[in-house]
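Here is the structure we will look at, set down as structure tokens.
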Amino acid sequence: MRRRATLALAVLALAAPAGATAAECPKTTLSDVENDVMCPVCGTPLGLATEAPQAQREREFIRRQVDDCRSKDEIKAALVDEFGENVLALPGSDGFDLAAYLVPGLAVLLGGGAVAATAIGWRRSRARDAADPTIADGPPAPGSAQRDRLQTDLDRYDL
Amino acid sequence: MKRSLSPFSVAALIGVLALVGLLTYGLVQSEPDRRIDQALVRGERAQAPAFELETLGGGGTGSLEDYRGKVVVLNFWGSWCEPCRTESPLLQRWHDRLSASGRGTVVGVDALDVTEDALDFVQEFDLTYPMLKDRDEEVYPDYGVIQFPETFVIDPQGRIAATRRGPVDEEFMREEVLPLTKAGA
């Protein structure tokens, strides 16, 4: 009985590290990585490049890295080593690509500026109107000619 | 009656104009460089863009300058490219011929490729000509390469004498490379 228990413990002790390793590997999947990288020849994200031969090679490369238990970041670094920075699904940091970073900021600045300018203009116009004594609240009072015409109309409909 | 635009309209107008300008610039930038082809059409030979690249598989670098004084058949390729498979044996035969005469060489530039696959390709076709790797897409855009393979025939003075935007064949090599290997070409 004691021998059996010792044997069972030994089997468990041997199995534990193997189980832990299995849980750590693979660290990522092909589909997870292909969403973050480009197919440089196709000019599209790798996930969208289904048939292109270069995309198939790139997928095969990623698969090998996944099998080697590399993490997503390690695989992306390996892809950059092979294909350069353009393989990352990110705009570059120079030339026209720089616009991808600058335009949203400029748009927010311009839009914010426009909203602020409109709000300031609107407040100024309200303040001007409030300070002007010729502008009263409510509709303007009718003049004497209008009053006479109104009275005539009312008399005409008096039953 | 004179009517001034509201600040909002001015900002919107500036925004739209900036966007149009940006799109125009983007379109112009994305156009492939065709200066080499235009020079050839005019009957001129443009200077080949200089470069220095690491050798395929590492272990050193190679540059166009290394071959000054010789005819260079500069071939851009990738192991994933089917037409590259067709033309590789022909390029190897011409490299053997050029290097035997001491007048020229074929130089391969592998791009957008997995190095391991490229090395397998080299082994499969027994390619012995110098092979470089354009890892960071530094060189092929300067030559206006948009498809693979593309080949540039560079004269001993470092000027581009002919291009083939597609796979080369025997006829192209005979017509464009052979005359340059003769003295005084």
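Ligands are numbered from 1 in the order shown, residues from 1 within each chain, and chains are lettered A, B, ... in the order they appear in the structure tokens.
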
**Q.** Neighbour list for Val122 (chain B) as a PyMOL selection string, cut-off 10 Å, only C-alpha atoms, skip fewer than 4 positions in-chain
**A.** chain B and resi 56+79+88+116-118+126-129+131

Return as JSON lines the residues of chain A lying at most 10 Å from chain B, together with the closest atom-to-atom pair for each and the distance in Å to one decimal, counting only C-alpha atoms, with rows in chain order and ascending residue number.
{"residue": "A:Cys39", "atom": "CA", "partner": "B:Leu112", "partner_atom": "CA", "distance": 9.0}
{"residue": "A:Pro40", "atom": "CA", "partner": "B:Leu112", "partner_atom": "CA", "distance": 6.6}
{"residue": "A:Val41", "atom": "CA", "partner": "B:Leu112", "partner_atom": "CA", "distance": 6.8}
{"residue": "A:Ala52", "atom": "CA", "partner": "B:Trp80", "partner_atom": "CA", "distance": 8.9}
{"residue": "A:Pro53", "atom": "CA", "partner": "B:Trp80", "partner_atom": "CA", "distance": 5.6}
{"residue": "A:Gln54", "atom": "CA", "partner": "B:Trp80", "partner_atom": "CA", "distance": 5.2}
{"residue": "A:Ala55", "atom": "CA", "partner": "B:Trp80", "partner_atom": "CA", "distance": 8.8}
{"residue": "A:Gln56", "atom": "CA", "partner": "B:Trp80", "partner_atom": "CA", "distance": 8.7}
{"residue": "A:Arg57", "atom": "CA", "partner": "B:Trp80", "partner_atom": "CA", "distance": 7.0}
{"residue": "A:Glu58", "atom": "CA", "partner": "B:Val114", "partner_atom": "CA", "distance": 7.3}
{"residue": "A:Glu60", "atom": "CA", "partner": "B:Val114", "partner_atom": "CA", "distance": 9.8}
{"residue": "A:Phe61", "atom": "CA", "partner": "B:Val114", "partner_atom": "CA", "distance": 7.4}
{"residue": "A:Leu79", "atom": "CA", "partner": "B:Val114", "partner_atom": "CA", "distance": 8.5}
{"residue": "A:Val80", "atom": "CA", "partner": "B:Asp136", "partner_atom": "CA", "distance": 8.7}
{"residue": "A:Asp81", "atom": "CA", "partner": "B:Arg135", "partner_atom": "CA", "distance": 7.6}
{"residue": "A:Glu82", "atom": "CA", "partner": "B:Val114", "partner_atom": "CA", "distance": 5.8}
{"residue": "A:Phe83", "atom": "CA", "partner": "B:Arg135", "partner_atom": "CA", "distance": 5.4}
{"residue": "A:Gly84", "atom": "CA", "partner": "B:Asp136", "partner_atom": "CA", "distance": 4.4}
{"residue": "A:Glu85", "atom": "CA", "partner": "B:Asp136", "partner_atom": "CA", "distance": 7.0}
{"residue": "A:Asn86", "atom": "CA", "partner": "B:Asp136", "partner_atom": "CA", "distance": 7.7}
{"residue": "A:Val87", "atom": "CA", "partner": "B:Leu112", "partner_atom": "CA", "distance": 9.2}
{"residue": "A:Gly95", "atom": "CA", "partner": "B:Gln29", "partner_atom": "CA", "distance": 8.9}
{"residue": "A:Phe96", "atom": "CA", "partner": "B:Gly26", "partner_atom": "CA", "distance": 6.3}
{"residue": "A:Asp97", "atom": "CA", "partner": "B:Gly26", "partner_atom": "CA", "distance": 8.8}
{"residue": "A:Ala99", "atom": "CA", "partner": "B:Leu22", "partner_atom": "CA", "distance": 8.0}
{"residue": "A:Val103", "atom": "CA", "partner": "B:Leu19", "partner_atom": "CA", "distance": 8.6}
{"residue": "A:Leu106", "atom": "CA", "partner": "B:Gly15", "partner_atom": "CA", "distance": 8.8}
{"residue": "A:Ala107", "atom": "CA", "partner": "B:Gly15", "partner_atom": "CA", "distance": 7.2}
{"residue": "A:Leu110", "atom": "CA", "partner": "B:Ala11", "partner_atom": "CA", "distance": 6.3}
{"residue": "A:Gly111", "atom": "CA", "partner": "B:Ala11", "partner_atom": "CA", "distance": 7.3}
{"residue": "A:Gly112", "atom": "CA", "partner": "B:Ala11", "partner_atom": "CA", "distance": 9.7}
{"residue": "A:Gly113", "atom": "CA", "partner": "B:Ala11", "partner_atom": "CA", "distance": 7.8}
{"residue": "A:Ala114", "atom": "CA", "partner": "B:Phe8", "partner_atom": "CA", "distance": 4.6}
{"residue": "A:Val115", "atom": "CA", "partner": "B:Phe8", "partner_atom": "CA", "distance": 6.8}
{"residue": "A:Ala116", "atom": "CA", "partner": "B:Phe8", "partner_atom": "CA", "distance": 8.9}
{"residue": "A:Ala117", "atom": "CA", "partner": "B:Pro7", "partner_atom": "CA", "distance": 6.1}
{"residue": "A:Thr118", "atom": "CA", "partner": "B:Phe8", "partner_atom": "CA", "distance": 6.2}
{"residue": "A:Ala119", "atom": "CA", "partner": "B:Phe8", "partner_atom": "CA", "distance": 9.8}
{"residue": "A:Gly121", "atom": "CA", "partner": "B:Pro7", "partner_atom": "CA", "distance": 8.7}

Q.
Among region 6-183 of chain B, which residues does DSSP mark as strand (DSSP E or B) when it is run on the backbone? Keep the chain and numbering as in the structure and answer as a PyMOL selection string.
A. chain B and resi 47+52-55+61-63+71-77+104-111+131-134+150-154+159-164

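In this model, the gap between CA of Gln38 (chain B) and CA of Met173 (chain B) comes to 20.8 Å.
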